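Visitor: First the structure, then my questions, so here it is.
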Amino acid sequence: MRTTTITALVENRLTIDAAAMAIGQAKQTMYQWRNRGIGPRSYKLGNRVFYDREDVERWIAEQKELTGVGA
């Protein structure tokens, strides 16, 4: 059971590079957003920045609601 939980956590975690690619922004932009407290929720493990897949997907959905135009 523990291995399954750890595997799920690792598969759910995105690096800053993967999150930037998913959002369509540069890695540097992601770092700037993190410093300003904007963009999807992020966290550090050691000295590396990570994003949970669900947080990135939720943030994208929120942006679509806030900025969407048309039917």
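Starting from 1 in every chain, residues are counted up; chains themselves are A, B, ... following the order of the structure tokens, and ligands are numbered from 1 as listed.
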Excluding segment 47-64 of chain A and residues on its chain fewer than 3 positions from it, collect all residues at most 12 Å away from it, counting only C-alpha atoms, and give them as a tab-separated table (two decimals) with N, CA, C and O atoms, in the first residue's frame.
Guide:
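Contents of selection-v1.tsv, as written:
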chain	number	residue	atom	x	y	z
A	8	ALA	N	1.85	7.12	-6.63
A	8	ALA	CA	0.81	8.08	-7.02
A	8	ALA	C	1.28	9.51	-6.79
A	8	ALA	O	1.03	10.39	-7.62
A	9	LEU	N	1.95	9.76	-5.69
A	9	LEU	CA	2.45	11.11	-5.40
A	9	LEU	C	3.48	11.54	-6.43
A	9	LEU	O	3.46	12.67	-6.91
A	10	VAL	N	4.39	10.66	-6.78
A	10	VAL	CA	5.43	10.98	-7.74
A	10	VAL	C	4.83	11.22	-9.13
A	10	VAL	O	5.20	12.16	-9.82
A	11	GLU	N	3.86	10.40	-9.52
A	11	GLU	CA	3.24	10.56	-10.84
A	11	GLU	C	2.40	11.82	-10.92
A	11	GLU	O	2.21	12.38	-11.99
A	12	ASN	N	1.91	12.31	-9.79
A	12	ASN	CA	1.08	13.51	-9.73
A	12	ASN	C	1.93	14.78	-9.72
A	12	ASN	O	1.44	15.86	-10.01
A	13	ARG	N	3.21	14.66	-9.42
A	13	ARG	CA	4.09	15.82	-9.25
A	13	ARG	C	4.73	16.22	-10.57
A	13	ARG	O	5.24	15.38	-11.30
A	14	LEU	N	4.69	17.51	-10.88
A	14	LEU	CA	5.31	18.05	-12.09
A	14	LEU	C	6.52	18.90	-11.70
A	14	LEU	O	6.46	19.68	-10.75
A	15	THR	N	7.58	18.78	-12.47
A	15	THR	CA	8.71	19.70	-12.30
A	15	THR	C	8.30	21.06	-12.83
A	15	THR	O	7.29	21.20	-13.53
A	16	ILE	N	9.10	22.06	-12.56
A	16	ILE	CA	8.79	23.39	-13.08
A	16	ILE	C	8.86	23.40	-14.61
A	16	ILE	O	8.08	24.09	-15.26
A	17	ASP	N	9.73	22.58	-15.18
A	17	ASP	CA	9.81	22.48	-16.64
A	17	ASP	C	8.52	21.90	-17.21
A	17	ASP	O	7.99	22.42	-18.21
A	18	ALA	N	8.02	20.84	-16.60
A	18	ALA	CA	6.79	20.20	-17.08
A	18	ALA	C	5.59	21.12	-16.90
A	18	ALA	O	4.72	21.21	-17.78
A	19	ALA	N	5.53	21.83	-15.77
A	19	ALA	CA	4.42	22.76	-15.53
A	19	ALA	C	4.47	23.90	-16.54
A	19	ALA	O	3.44	24.30	-17.09
A	20	ALA	N	5.65	24.42	-16.81
A	20	ALA	CA	5.80	25.50	-17.80
A	20	ALA	C	5.34	25.03	-19.17
A	20	ALA	O	4.64	25.76	-19.88
A	21	MET	N	5.69	23.82	-19.54
A	21	MET	CA	5.28	23.28	-20.84
A	21	MET	C	3.75	23.11	-20.89
A	21	MET	O	3.13	23.46	-21.89
A	22	ALA	N	3.16	22.63	-19.81
A	22	ALA	CA	1.71	22.43	-19.77
A	22	ALA	C	0.96	23.75	-19.92
A	22	ALA	O	-0.09	23.81	-20.54
A	23	ILE	N	1.50	24.80	-19.33
A	23	ILE	CA	0.85	26.11	-19.34
A	23	ILE	C	1.22	26.92	-20.58
A	23	ILE	O	0.50	27.81	-20.99
A	24	GLY	N	2.35	26.58	-21.20
A	24	GLY	CA	2.78	27.32	-22.38
A	24	GLY	C	3.55	28.58	-22.04
A	24	GLY	O	3.50	29.57	-22.77
A	27	LYS	N	10.10	28.74	-18.45
A	27	LYS	CA	10.49	28.35	-17.09
A	27	LYS	C	10.76	29.58	-16.23
A	27	LYS	O	10.34	29.64	-15.07
A	30	MET	N	7.65	31.06	-14.89
A	30	MET	CA	7.13	30.28	-13.76
A	30	MET	C	7.83	30.68	-12.46
A	30	MET	O	7.18	30.82	-11.43
A	31	TYR	N	9.15	30.87	-12.53
A	31	TYR	CA	9.88	31.31	-11.34
A	31	TYR	C	9.41	32.72	-10.93
A	31	TYR	O	9.24	32.99	-9.73
A	34	ARG	N	6.03	32.47	-9.31
A	34	ARG	CA	6.17	31.90	-7.96
A	34	ARG	C	6.63	32.97	-6.97
A	34	ARG	O	6.09	33.08	-5.87
A	35	ASN	N	7.60	33.78	-7.36
A	35	ASN	CA	8.10	34.84	-6.49
A	35	ASN	C	7.04	35.90	-6.20
A	35	ASN	O	7.03	36.51	-5.14
A	38	ILE	N	1.74	34.33	-7.82
A	38	ILE	CA	0.68	34.14	-8.80
A	38	ILE	C	0.92	32.83	-9.55
A	38	ILE	O	1.95	32.18	-9.36
A	39	GLY	N	-0.02	32.44	-10.38
A	39	GLY	CA	0.10	31.18	-11.10
A	39	GLY	C	-0.36	30.02	-10.25
A	39	GLY	O	-0.89	30.21	-9.15
A	40	PRO	N	-0.17	28.81	-10.73
A	40	PRO	CA	-0.61	27.64	-9.97
A	40	PRO	C	0.19	27.48	-8.68
A	40	PRO	O	1.34	27.95	-8.59
A	41	ARG	N	-0.42	26.83	-7.71
A	41	ARG	CA	0.25	26.58	-6.43
A	41	ARG	C	1.48	25.71	-6.65
A	41	ARG	O	1.45	24.75	-7.42
A	42	SER	N	2.57	26.09	-6.02
A	42	SER	CA	3.82	25.34	-6.14
A	42	SER	C	4.42	25.13	-4.76
A	42	SER	O	3.99	25.75	-3.79
A	43	TYR	N	5.39	24.25	-4.69
A	43	TYR	CA	6.06	23.96	-3.41
A	43	TYR	C	7.47	23.47	-3.70
A	43	TYR	O	7.80	23.11	-4.83
A	44	LYS	N	8.29	23.49	-2.66
A	44	LYS	CA	9.67	23.05	-2.81
A	44	LYS	C	9.89	21.77	-2.01
A	44	LYS	O	9.36	21.61	-0.92
A	67	THR	N	-10.97	34.43	-18.46
A	67	THR	CA	-10.55	35.15	-19.66
A	67	THR	C	-11.22	34.66	-20.94
A	67	THR	O	-10.97	35.22	-22.01
A	68	GLY	N	-12.05	33.65	-20.84
A	68	GLY	CA	-12.67	33.06	-22.03
A	68	GLY	C	-13.60	34.05	-22.73
A	68	GLY	O	-14.29	34.83	-22.10
A	69	VAL	N	-13.59	33.99	-24.03
A	69	VAL	CA	-14.45	34.84	-24.87
A	69	VAL	C	-15.15	33.93	-25.87
A	69	VAL	O	-14.56	33.00	-26.40
A	70	GLY	N	-16.41	34.23	-26.14
A	70	GLY	CA	-17.15	33.47	-27.13
A	70	GLY	C	-18.07	32.44	-26.50
A	70	GLY	O	-18.14	32.31	-25.29
Visitor: Would you mind writing down, as JSON, numbers by chain, each residue of chain A that DSSP on the backbone assigns to alpha helix (DSSP H)?
Guide: {"A": [2, 3, 4, 5, 6, 7, 8, 9, 10, 11, 12, 16, 17, 18, 19, 20, 21, 22, 23, 27, 28, 29, 30, 31, 32, 33, 34, 35, 36, 53, 54, 55, 56, 57, 58, 59, 60, 61, 62, 63, 64, 65, 66, 67]}
Visitor: I'd like to know which residues of chain A are strand (DSSP E) (by DSSP, run on the backbone); could you write them as a ChimeraX atom specification?
Guide: /A:13-15,43-45,48-52
